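Just protein.cif here, mmCIF, C-alpha atoms:
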```
data_final
loop_
_atom_site.label_atom_id
_atom_site.label_comp_id
_atom_site.auth_asym_id
_atom_site.auth_seq_id
_atom_site.Cartn_x
_atom_site.Cartn_y
_atom_site.Cartn_z
CA MET I 1093 -59.97 32.08 -68.80
CA ARG I 1094 -57.10 29.94 -69.98
CA MET I 1095 -53.90 31.79 -70.85
CA VAL I 1096 -52.47 31.26 -74.34
CA LYS I 1097 -48.84 30.22 -74.18
CA PRO I 1098 -46.29 32.24 -76.18
CA ARG I 1099 -45.36 30.84 -79.57
CA TRP I 1100 -41.82 29.99 -78.48
CA GLN I 1101 -43.16 27.76 -75.71
CA ARG I 1102 -45.43 25.94 -78.15
CA VAL I 1103 -42.52 25.44 -80.54
CA LEU I 1104 -40.33 24.25 -77.66
CA SER I 1105 -42.93 21.67 -76.70
CA TYR I 1106 -42.67 20.13 -80.17
CA VAL I 1107 -38.89 20.13 -79.85
CA TRP I 1108 -39.20 18.15 -76.62
CA VAL I 1109 -41.54 15.69 -78.33
CA LEU I 1110 -38.83 15.11 -80.94
CA VAL I 1111 -36.17 14.78 -78.23
CA GLY I 1112 -38.29 12.26 -76.34
CA THR I 1113 -38.98 10.13 -79.41
CA LEU I 1114 -35.26 10.26 -80.27
CA GLY I 1115 -34.42 8.79 -76.86
CA THR I 1116 -36.95 6.01 -77.29
CA ALA I 1117 -35.68 5.25 -80.79
CA LEU I 1118 -32.14 4.99 -79.41
CA ALA I 1119 -33.37 2.50 -76.82
CA LEU I 1120 -34.84 0.38 -79.59
CA ASP I 1121 -31.82 0.50 -81.91
CA VAL I 1122 -29.07 0.26 -79.31
CA PHE I 1123 -30.57 -2.17 -76.79
CA LEU I 1124 -33.93 -3.78 -77.47
CA VAL I 1125 -34.19 -4.73 -81.14
CA PRO I 1126 -30.64 -6.17 -81.55
CA ASN I 1127 -31.19 -8.41 -78.51
CA GLN I 1128 -34.63 -9.65 -79.62
CA ILE I 1129 -36.41 -8.01 -76.70
CA ALA I 1130 -39.98 -7.33 -77.79
CA ALA I 1131 -41.00 -5.13 -74.88
CA GLY I 1132 -44.72 -5.01 -75.56
CA GLY I 1133 -46.60 -2.53 -77.70
CA VAL I 1134 -46.23 -1.78 -81.37
CA SER I 1135 -42.44 -1.69 -81.06
CA GLY I 1136 -42.56 -5.26 -79.77
CA LEU I 1137 -44.52 -6.40 -82.82
CA ALA I 1138 -42.10 -4.50 -85.06
CA THR I 1139 -39.16 -6.18 -83.33
CA ILE I 1140 -40.66 -9.62 -84.01
CA THR I 1141 -41.35 -8.85 -87.69
CA TYR I 1142 -37.83 -7.46 -88.08
CA HIS I 1143 -36.23 -10.69 -86.92
CA TRP I 1144 -38.72 -12.83 -88.86
CA PHE I 1145 -38.86 -10.98 -92.18
CA GLY I 1146 -36.20 -8.24 -92.01
CA TRP I 1147 -38.78 -5.46 -92.29
CA PRO I 1148 -37.63 -2.02 -90.97
CA VAL I 1149 -38.80 -1.51 -87.40
CA GLY I 1150 -39.79 2.12 -87.86
CA MET I 1151 -41.86 1.55 -90.97
CA VAL I 1152 -43.69 -1.38 -89.39
CA MET I 1153 -44.48 0.78 -86.36
CA LEU I 1154 -45.81 3.53 -88.61
CA ALA I 1155 -47.83 1.05 -90.68
CA ILE I 1156 -49.52 -0.24 -87.52
CA ASN I 1157 -49.96 3.16 -85.90
CA ILE I 1158 -51.61 4.90 -88.88
CA PRO I 1159 -54.77 2.72 -88.96
CA LEU I 1160 -54.91 2.75 -85.17
CA PHE I 1161 -54.77 6.54 -85.20
CA LEU I 1162 -57.44 6.87 -87.89
CA ALA I 1163 -59.72 4.41 -86.09
CA SER I 1164 -59.17 6.29 -82.84
CA LEU I 1165 -60.21 9.54 -84.48
CA ARG I 1166 -63.46 7.96 -85.65
CA THR I 1167 -64.33 6.32 -82.34
CA LEU I 1168 -62.79 8.62 -79.73
CA GLY I 1169 -62.73 11.99 -81.45
CA ARG I 1170 -59.82 14.39 -82.01
CA GLU I 1171 -58.41 14.06 -78.51
CA PHE I 1172 -55.02 12.87 -79.66
CA GLY I 1173 -54.16 16.01 -81.61
CA VAL I 1174 -51.26 17.10 -83.73
CA LYS I 1175 -48.61 16.11 -81.19
CA THR I 1176 -49.67 12.47 -81.40
CA ILE I 1177 -49.08 12.58 -85.14
CA VAL I 1178 -45.69 14.23 -84.60
CA GLY I 1179 -44.72 11.71 -81.93
CA THR I 1180 -45.91 8.69 -83.90
CA VAL I 1181 -44.22 9.71 -87.15
CA SER I 1182 -40.99 10.97 -85.55
CA ILE I 1183 -40.34 7.85 -83.51
CA SER I 1184 -40.69 5.73 -86.64
CA LEU I 1185 -38.36 7.98 -88.65
CA TRP I 1186 -35.79 8.20 -85.85
CA THR I 1187 -35.78 4.42 -85.45
CA ASP I 1188 -35.05 3.71 -89.11
CA LEU I 1189 -32.63 6.62 -89.55
CA LEU I 1190 -30.53 5.47 -86.60
CA ALA I 1191 -30.73 1.75 -87.35
CA GLY I 1192 -27.73 1.70 -89.63
CA ARG I 1193 -25.79 4.40 -87.85
CA VAL I 1194 -25.61 3.23 -84.23
CA GLN I 1195 -24.16 0.03 -82.89
CA PRO I 1196 -25.60 -2.16 -80.09
CA LEU I 1197 -23.83 -1.47 -76.80
CA THR I 1198 -24.30 -4.94 -75.34
CA GLU I 1199 -25.18 -8.49 -76.29
CA ASP I 1200 -26.29 -9.32 -72.75
CA PRO I 1201 -30.12 -9.48 -72.79
CA LEU I 1202 -30.34 -8.57 -69.12
CA LEU I 1203 -28.34 -5.36 -69.59
CA ALA I 1204 -30.29 -4.63 -72.76
CA ALA I 1205 -33.62 -5.05 -70.97
CA ILE I 1206 -32.56 -2.84 -68.07
CA TYR I 1207 -30.96 0.01 -69.97
CA GLY I 1208 -33.27 -0.23 -72.96
CA GLY I 1209 -36.35 -0.19 -70.74
CA ILE I 1210 -35.11 2.80 -68.74
CA LEU I 1211 -34.00 4.80 -71.79
CA ALA I 1212 -37.28 4.09 -73.60
CA GLY I 1213 -39.24 5.17 -70.53
CA VAL I 1214 -37.26 8.39 -70.14
CA GLY I 1215 -37.83 9.24 -73.80
CA MET I 1216 -41.54 8.51 -73.60
CA GLY I 1217 -41.82 10.43 -70.34
CA VAL I 1218 -40.26 13.51 -71.95
CA CYS I 1219 -42.66 13.16 -74.87
CA PHE I 1220 -45.68 12.80 -72.56
CA ARG I 1221 -44.56 15.71 -70.39
CA ALA I 1222 -44.42 17.90 -73.49
CA GLY I 1223 -48.03 16.97 -74.26
CA GLY I 1224 -47.22 14.42 -76.96
CA SER I 1225 -47.81 10.72 -77.41
CA THR I 1226 -46.10 7.83 -79.15
CA GLY I 1227 -49.37 6.13 -80.03
CA GLY I 1228 -48.99 2.37 -80.03
CA THR I 1229 -51.10 -0.02 -78.02
CA ASP I 1230 -52.44 2.90 -75.98
CA MET I 1231 -54.75 3.75 -78.87
CA ALA I 1232 -55.80 0.13 -79.32
CA ALA I 1233 -56.53 -0.20 -75.61
CA ARG I 1234 -58.70 2.92 -75.65
CA MET I 1235 -60.74 1.55 -78.54
CA VAL I 1236 -61.22 -1.80 -76.79
CA ALA I 1237 -62.36 0.05 -73.68
CA HIS I 1238 -64.69 2.17 -75.82
CA TYR I 1239 -66.48 -0.83 -77.33
CA THR I 1240 -66.40 -3.14 -74.31
CA ARG I 1241 -66.74 -2.92 -70.54
CA MET I 1242 -63.04 -3.56 -70.09
CA SER I 1243 -61.04 -0.72 -68.52
CA THR I 1244 -58.29 0.97 -70.51
CA GLY I 1245 -55.65 -0.31 -68.10
CA ARG I 1246 -56.79 -3.92 -68.46
CA ALA I 1247 -57.04 -3.60 -72.23
CA LEU I 1248 -53.51 -2.22 -72.33
CA LEU I 1249 -52.23 -5.03 -70.13
CA LEU I 1250 -53.95 -7.55 -72.40
CA ALA I 1251 -52.46 -6.02 -75.56
CA ASP I 1252 -48.92 -5.91 -74.17
CA GLY I 1253 -49.33 -9.38 -72.69
CA LEU I 1254 -50.26 -10.79 -76.09
CA VAL I 1255 -47.19 -9.18 -77.66
CA ILE I 1256 -44.90 -10.65 -74.99
CA LEU I 1257 -46.57 -14.06 -75.42
CA LEU I 1258 -45.92 -13.81 -79.15
CA ALA I 1259 -42.29 -12.94 -78.35
CA ALA I 1260 -42.04 -16.09 -76.26
CA LEU I 1261 -43.22 -18.13 -79.25
CA ALA I 1262 -41.07 -16.24 -81.75
CA PHE I 1263 -37.84 -16.13 -79.76
CA SER I 1264 -37.83 -17.93 -76.42
CA PRO I 1265 -39.61 -17.82 -73.04
CA GLU I 1266 -36.41 -16.47 -71.49
CA LEU I 1267 -36.32 -13.48 -73.86
CA ALA I 1268 -40.01 -12.91 -73.13
CA LEU I 1269 -39.14 -12.63 -69.43
CA TYR I 1270 -36.49 -10.05 -70.28
CA ALA I 1271 -39.12 -8.20 -72.32
CA LEU I 1272 -41.46 -8.18 -69.32
CA LEU I 1273 -38.65 -6.68 -67.22
CA ALA I 1274 -38.12 -3.98 -69.85
CA VAL I 1275 -41.85 -3.13 -69.85
CA PHE I 1276 -41.81 -2.77 -66.06
CA LEU I 1277 -38.75 -0.50 -66.09
CA THR I 1278 -40.19 1.59 -68.91
CA GLY I 1279 -43.31 2.27 -66.86
CA LYS I 1280 -41.27 3.22 -63.81
CA ALA I 1281 -39.08 5.56 -65.87
CA ILE I 1282 -42.13 7.26 -67.39
CA ASP I 1283 -43.59 7.84 -63.93
CA PHE I 1284 -40.27 9.22 -62.68
CA VAL I 1285 -40.00 11.73 -65.54
CA GLN I 1286 -43.63 12.82 -65.29
CA GLU I 1287 -44.04 12.90 -61.52
CA GLY I 1288 -40.51 13.53 -60.30
CA GLN I 1289 -38.66 11.84 -57.48
CA GLY I 1290 -40.60 11.19 -54.27
CA TYR I 1291 -38.52 13.59 -52.22
CA ALA I 1292 -41.32 15.07 -50.10
CA LYS I 1293 -43.76 13.76 -47.52
CA ALA I 1294 -47.37 14.67 -46.89
CA ALA I 1295 -48.68 14.41 -43.34
CA TYR I 1296 -52.32 14.38 -42.23
CA ILE I 1297 -52.60 15.21 -38.55
CA ILE I 1298 -55.80 14.76 -36.52
CA SER I 1299 -55.65 16.35 -33.09
CA THR I 1300 -57.74 18.26 -30.57
CA ARG I 1301 -54.88 20.75 -30.45
CA ALA I 1302 -54.61 21.32 -34.19
CA ASP I 1303 -54.19 25.10 -33.78
CA GLU I 1304 -51.11 24.71 -31.57
CA ILE I 1305 -49.58 22.14 -33.90
CA GLY I 1306 -50.25 24.36 -36.91
CA GLN I 1307 -48.53 27.32 -35.23
CA ALA I 1308 -45.53 25.17 -34.34
CA VAL I 1309 -45.25 24.03 -37.95
CA LEU I 1310 -45.39 27.64 -39.15
CA THR I 1311 -42.84 28.99 -36.69
CA GLU I 1312 -40.40 26.13 -36.10
CA LEU I 1313 -40.48 24.29 -39.42
CA GLN I 1314 -41.38 27.39 -41.42
CA ARG I 1315 -43.74 25.32 -43.49
CA GLY I 1316 -47.34 25.99 -44.37
CA ALA I 1317 -50.23 24.05 -42.91
CA THR I 1318 -53.79 23.75 -44.17
CA ALA I 1319 -56.70 22.99 -41.86
CA LEU I 1320 -59.31 20.68 -43.37
CA ARG I 1321 -62.69 20.02 -41.86
CA GLY I 1322 -63.23 16.48 -40.65
CA LYS I 1323 -65.70 14.51 -38.57
CA GLY I 1324 -65.14 11.40 -36.52
CA LEU I 1325 -67.78 8.88 -37.54
CA TYR I 1326 -67.51 7.01 -34.22
CA THR I 1327 -67.69 10.03 -31.91
CA GLY I 1328 -69.61 12.34 -34.24
CA GLU I 1329 -67.29 15.18 -33.23
CA ASP I 1330 -66.01 17.78 -35.67
CA ARG I 1331 -62.23 17.81 -35.95
CA GLU I 1332 -59.64 19.79 -37.82
CA VAL I 1333 -57.30 17.77 -40.01
CA LEU I 1334 -53.97 19.44 -40.72
CA LEU I 1335 -52.29 18.87 -44.06
CA VAL I 1336 -48.55 19.54 -43.94
CA ILE I 1337 -45.97 19.00 -46.70
CA VAL I 1338 -42.36 18.63 -45.56
CA SER I 1339 -39.08 17.35 -46.96
CA ARG I 1340 -37.73 13.96 -45.94
CA ALA I 1341 -35.24 15.58 -43.59
CA GLU I 1342 -38.05 17.36 -41.74
CA VAL I 1343 -40.22 14.30 -41.04
CA ALA I 1344 -38.54 13.48 -37.72
CA HIS I 1345 -38.81 17.11 -36.59
CA LEU I 1346 -42.52 17.16 -37.47
CA LYS I 1347 -43.13 13.93 -35.52
CA GLY I 1348 -41.34 15.42 -32.53
CA LEU I 1349 -43.44 18.58 -32.60
CA VAL I 1350 -46.72 16.67 -32.80
CA SER I 1351 -45.68 14.23 -30.07
CA GLU I 1352 -44.65 17.06 -27.78
CA ILE I 1353 -47.87 19.04 -28.21
CA ASP I 1354 -50.38 16.17 -28.40
CA PRO I 1355 -49.10 12.64 -27.73
CA ARG I 1356 -52.55 11.27 -28.60
CA ALA I 1357 -52.63 12.82 -32.06
CA PHE I 1358 -53.22 10.65 -35.12
CA MET I 1359 -50.81 11.02 -38.06
CA VAL I 1360 -50.71 9.60 -41.57
CA ILE I 1361 -47.50 10.18 -43.56
CA HIS I 1362 -47.00 9.20 -47.19
CA ASP I 1363 -44.77 9.95 -50.16
CA VAL I 1364 -45.41 12.86 -52.48
CA HIS I 1365 -43.91 12.63 -55.96
CA GLU I 1366 -44.05 16.29 -56.87
CA VAL I 1367 -44.70 19.44 -54.82
CA LEU I 1368 -45.19 22.75 -56.56
CA GLY I 1369 -45.58 26.18 -55.04
CA GLU I 1370 -44.18 28.26 -52.22
CA GLY I 1371 -41.28 26.60 -50.43
CA PHE I 1372 -40.85 23.97 -53.12
CA GLY I 1373 -40.41 24.00 -56.92
CA PRO I 1374 -42.06 26.77 -58.95
CA ILE I 1375 -45.16 25.71 -60.87
CA GLN I 1376 -44.07 27.47 -64.05
CA ALA I 1377 -40.75 25.64 -64.24
CA ALA I 1378 -42.19 22.26 -63.33
CA ALA I 1379 -44.97 22.51 -65.90
CA GLY I 1380 -42.37 21.93 -68.58
CA PRO I 1381 -42.64 22.89 -72.21
CA GLY I 1382 -45.93 21.13 -72.82
CA GLU I 1383 -49.15 22.96 -73.59
CA ARG I 1384 -51.06 20.68 -71.26
CA ARG I 1385 -49.95 19.32 -67.89
CA GLY I 1386 -51.42 16.50 -65.91
CA ARG I 1387 -51.45 13.94 -68.71
CA ILE I 1388 -52.10 10.58 -67.13
CA ARG I 1389 -50.08 7.71 -68.51
CA SER I 1390 -52.49 4.97 -69.38
CA GLY I 1391 -49.77 3.05 -71.09
CA GLY I 1392 -48.59 4.68 -74.27
CA GLU I 1393 -46.21 1.88 -75.12
CA VAL I 1394 -44.43 2.54 -78.40
#
```
Rewrite the coordinates I just gave you, this time as structure tokens.
Amino acid sequence: MRMVKPRWQRVLSYVWVLVGTLGTALALDVFLVPNQIAAGGVSGLATITYHWFGWPVGMVMLAINIPLFLASLRTLGREFGVKTIVGTVSISLWTDLLAGRVQPLTEDPLLAAIYGGILAGVGMGVCFRAGGSTGGTDMAARMVAHYTRMSTGRALLLADGLVILLAALAFSPELALYALLAVFLTGKAIDFVQEGQGYAKAAYIISTRADEIGQAVLTELQRGATALRGKGLYTGEDREVLLVIVSRAEVAHLKGLVSEIDPRAFMVIHDVHEVLGEGFGPIQAAAGPGERRGRIRSGGEV
């Protein structure tokens, strides 16, 4: 049975949605919009219309997002929820409220693309982590995927690509390239906020002496080890596969232990973005203020 979060945690999650949308709005007003960087999504369209017609960026974003949201409710159901409404409305209000009160920090489009893309991604990542959404082309991509055989990711790429192409026609191909850089950095920043830094390593170890290796990991590294059942398809023999999570500093020690016990062992080591539980970060703290963890970013460009 799912536990109901205390009211203060639910309220805090909405506060974080507002904080996240504030950060993204700052990225638009301080870096992206003044330098004509239409970094994909609804905000990119709003940036183009602002420089063409002088229409407020926030209101244009809201005008585009409202029909997208209503259409999404009809086709995809009520999966977006109240926090999507809060995120969509707040980012539009923040953008227009700050537009006349903050000054651009740079006129260099490269710096604007870098810092604007990162700040927008951090803001969106905070919003996503709190269980919210900024709407945008994410909703359009989901509808395209719903009515066609195209995947959501491809539909999102197509939507953002069309916006950047329009930016190339409206401004210049060079500014469109800066916009593409901003989109890339925004995605990386969102992943960083949601998944955390890749500070840990996961190792899969296949060995005939898995028990000895597991004991060495427990006693010398003081890390846990999980034995998984495996079967070699070539030999047909049953094998134990050890799963061990260690910090970066412990990788060399782990390799030494395995090499010493079984030089013929097979190891696979890869990055882990976030590790929760005993010996690492607590699950409760890492879950953040959101009411729902594990939201997968399928785009969510503003």
Step by step: start from the point (-58.4, 23.9, -37.5) in the file's coordinates, keep every protein, DNA or RNA residue that has an atom no farther than 9 Å from it, count all atoms listed in the file, and write the set as a CSV table (one decimal) with C-alpha atoms, in the coordinates of the input.
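And here is the file that came out, part_4.csv:
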```csv
chain,number,residue,atom,x,y,z
I,1300,THR,CA,-57.7,18.3,-30.6
I,1301,ARG,CA,-54.9,20.8,-30.4
I,1302,ALA,CA,-54.6,21.3,-34.2
I,1303,ASP,CA,-54.2,25.1,-33.8
I,1306,GLY,CA,-50.2,24.4,-36.9
I,1318,THR,CA,-53.8,23.8,-44.2
I,1319,ALA,CA,-56.7,23.0,-41.9
I,1320,LEU,CA,-59.3,20.7,-43.4
I,1321,ARG,CA,-62.7,20.0,-41.9
I,1331,ARG,CA,-62.2,17.8,-36.0
I,1332,GLU,CA,-59.6,19.8,-37.8
I,1333,VAL,CA,-57.3,17.8,-40.0
I,1334,LEU,CA,-54.0,19.4,-40.7
```
What lies within 9 Å of I:Val1109 using only C-alpha atoms, ignoring chain neighbours under 3 positions off, as a PDB file with C-alpha atoms, keeping the file's coordinate frame?
```
ATOM      1  CA  LEU I1104     -40.330  24.250 -77.660  1.00  0.00           C
ATOM      2  CA  SER I1105     -42.930  21.670 -76.700  1.00  0.00           C
ATOM      3  CA  TYR I1106     -42.670  20.130 -80.170  1.00  0.00           C
ATOM      4  CA  GLY I1112     -38.290  12.260 -76.340  1.00  0.00           C
ATOM      5  CA  THR I1113     -38.980  10.130 -79.410  1.00  0.00           C
ATOM      6  CA  LEU I1114     -35.260  10.260 -80.270  1.00  0.00           C
ATOM      7  CA  LYS I1175     -48.610  16.110 -81.190  1.00  0.00           C
ATOM      8  CA  VAL I1178     -45.690  14.230 -84.600  1.00  0.00           C
ATOM      9  CA  GLY I1179     -44.720  11.710 -81.930  1.00  0.00           C
ATOM     10  CA  SER I1182     -40.990  10.970 -85.550  1.00  0.00           C
ATOM     11  CA  GLY I1215     -37.830   9.240 -73.800  1.00  0.00           C
ATOM     12  CA  MET I1216     -41.540   8.510 -73.600  1.00  0.00           C
ATOM     13  CA  VAL I1218     -40.260  13.510 -71.950  1.00  0.00           C
ATOM     14  CA  CYS I1219     -42.660  13.160 -74.870  1.00  0.00           C
ATOM     15  CA  PHE I1220     -45.680  12.800 -72.560  1.00  0.00           C
ATOM     16  CA  ARG I1221     -44.560  15.710 -70.390  1.00  0.00           C
ATOM     17  CA  ALA I1222     -44.420  17.900 -73.490  1.00  0.00           C
ATOM     18  CA  GLY I1223     -48.030  16.970 -74.260  1.00  0.00           C
ATOM     19  CA  GLY I1224     -47.220  14.420 -76.960  1.00  0.00           C
ATOM     20  CA  SER I1225     -47.810  10.720 -77.410  1.00  0.00           C
ATOM     21  CA  GLY I1382     -45.930  21.130 -72.820  1.00  0.00           C
TER      22      GLY I1382
END
```
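Minimum distance to I:Trp1144 across I:Leu1124, I:Leu1185, I:Arg1241, I:Phe1263 (counting all atoms listed in the file) occurs at I:Phe1263.
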Go ahead and find all residues with at least one atom no further than 12 Å from (-39.9, 2.2, -90.8) in the file's coordinates, using only C-alpha atoms; report them as a JSON list (two decimals) with C-alpha atoms, in the frame of the given file.
```
[["chain", "number", "residue", "atom", "x", "y", "z"],
["I", 1117, "ALA", "CA", -35.68, 5.25, -80.79],
["I", 1135, "SER", "CA", -42.44, -1.69, -81.06],
["I", 1138, "ALA", "CA", -42.10, -4.50, -85.06],
["I", 1139, "THR", "CA", -39.16, -6.18, -83.33],
["I", 1141, "THR", "CA", -41.35, -8.85, -87.69],
["I", 1142, "TYR", "CA", -37.83, -7.46, -88.08],
["I", 1146, "GLY", "CA", -36.20, -8.24, -92.01],
["I", 1147, "TRP", "CA", -38.78, -5.46, -92.29],
["I", 1148, "PRO", "CA", -37.63, -2.02, -90.97],
["I", 1149, "VAL", "CA", -38.80, -1.51, -87.40],
["I", 1150, "GLY", "CA", -39.79, 2.12, -87.86],
["I", 1151, "MET", "CA", -41.86, 1.55, -90.97],
["I", 1152, "VAL", "CA", -43.69, -1.38, -89.39],
["I", 1153, "MET", "CA", -44.48, 0.78, -86.36],
["I", 1154, "LEU", "CA", -45.81, 3.53, -88.61],
["I", 1155, "ALA", "CA", -47.83, 1.05, -90.68],
["I", 1156, "ILE", "CA", -49.52, -0.24, -87.52],
["I", 1157, "ASN", "CA", -49.96, 3.16, -85.90],
["I", 1180, "THR", "CA", -45.91, 8.69, -83.90],
["I", 1181, "VAL", "CA", -44.22, 9.71, -87.15],
["I", 1182, "SER", "CA", -40.99, 10.97, -85.55],
["I", 1183, "ILE", "CA", -40.34, 7.85, -83.51],
["I", 1184, "SER", "CA", -40.69, 5.73, -86.64],
["I", 1185, "LEU", "CA", -38.36, 7.98, -88.65],
["I", 1186, "TRP", "CA", -35.79, 8.20, -85.85],
["I", 1187, "THR", "CA", -35.78, 4.42, -85.45],
["I", 1188, "ASP", "CA", -35.05, 3.71, -89.11],
["I", 1189, "LEU", "CA", -32.63, 6.62, -89.55],
["I", 1190, "LEU", "CA", -30.53, 5.47, -86.60],
["I", 1191, "ALA", "CA", -30.73, 1.75, -87.35]]
```
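Run against this file, the PyMOL selection byres ((chain I and resi 1227) around 7) gives back Asn1157, Thr1176, Thr1180, Ser1225, Thr1226, Gly1228, Thr1229, Asp1230, Met1231, Gly1392 and Val1394 of chain I.
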Any chance you could export the current selection's C-alpha atoms as a PDB file, in the coordinates of the input?
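Okay, result-v2.pdb is ready:
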```
ATOM      1  CA  ASN I1157     -49.960   3.160 -85.900  1.00  0.00           C
ATOM      2  CA  THR I1176     -49.670  12.470 -81.400  1.00  0.00           C
ATOM      3  CA  THR I1180     -45.910   8.690 -83.900  1.00  0.00           C
ATOM      4  CA  SER I1225     -47.810  10.720 -77.410  1.00  0.00           C
ATOM      5  CA  THR I1226     -46.100   7.830 -79.150  1.00  0.00           C
ATOM      6  CA  GLY I1228     -48.990   2.370 -80.030  1.00  0.00           C
ATOM      7  CA  THR I1229     -51.100  -0.020 -78.020  1.00  0.00           C
ATOM      8  CA  ASP I1230     -52.440   2.900 -75.980  1.00  0.00           C
ATOM      9  CA  MET I1231     -54.750   3.750 -78.870  1.00  0.00           C
ATOM     10  CA  GLY I1392     -48.590   4.680 -74.270  1.00  0.00           C
ATOM     11  CA  VAL I1394     -44.430   2.540 -78.400  1.00  0.00           C
TER      12      VAL I1394
END
```
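Take atom CA of I:Leu1254 and atom CA of I:Asp1200: the distance between them is 24.2 Å.
If you measure from each of I:Ile1305, I:Ala1357, I:Leu1120, I:Leu1272 to I:Leu1257 using all atoms listed in the file, the closest one turns out to be I:Leu1272.
Remark: for I:Val1134, the closest of the candidate residues I:Gly1253, I:Pro1201, I:Gly1348, I:Pro1265 is I:Gly1253 (distances computed over all atoms listed in the file).
Shortest atom-to-atom contact with I:Glu1329 among I:Ala1251, I:Ser1299, I:Gln1314, I:Leu1346: I:Ser1299, counting all atoms listed in the file.
Each of I:Gly1133, I:Val1343, I:Ile1298, I:Gln1307 was compared to I:Gly1322 using all atoms listed in the file, and I:Ile1298 turns out to be the nearest.
The space separating atom CA of I:Thr1278 from atom CA of I:Ala1212 comes to 6.1 Å.
The space between atom CA of I:Val1122 and atom CA of I:Gln1195 spans 6.1 Å.
Considering the residues I:Ile1206, I:Leu1261, I:Ile1158, I:Lys1347 and counting all atoms listed in the file, I:Lys1280 has its shortest atom-to-atom contact with I:Ile1206.
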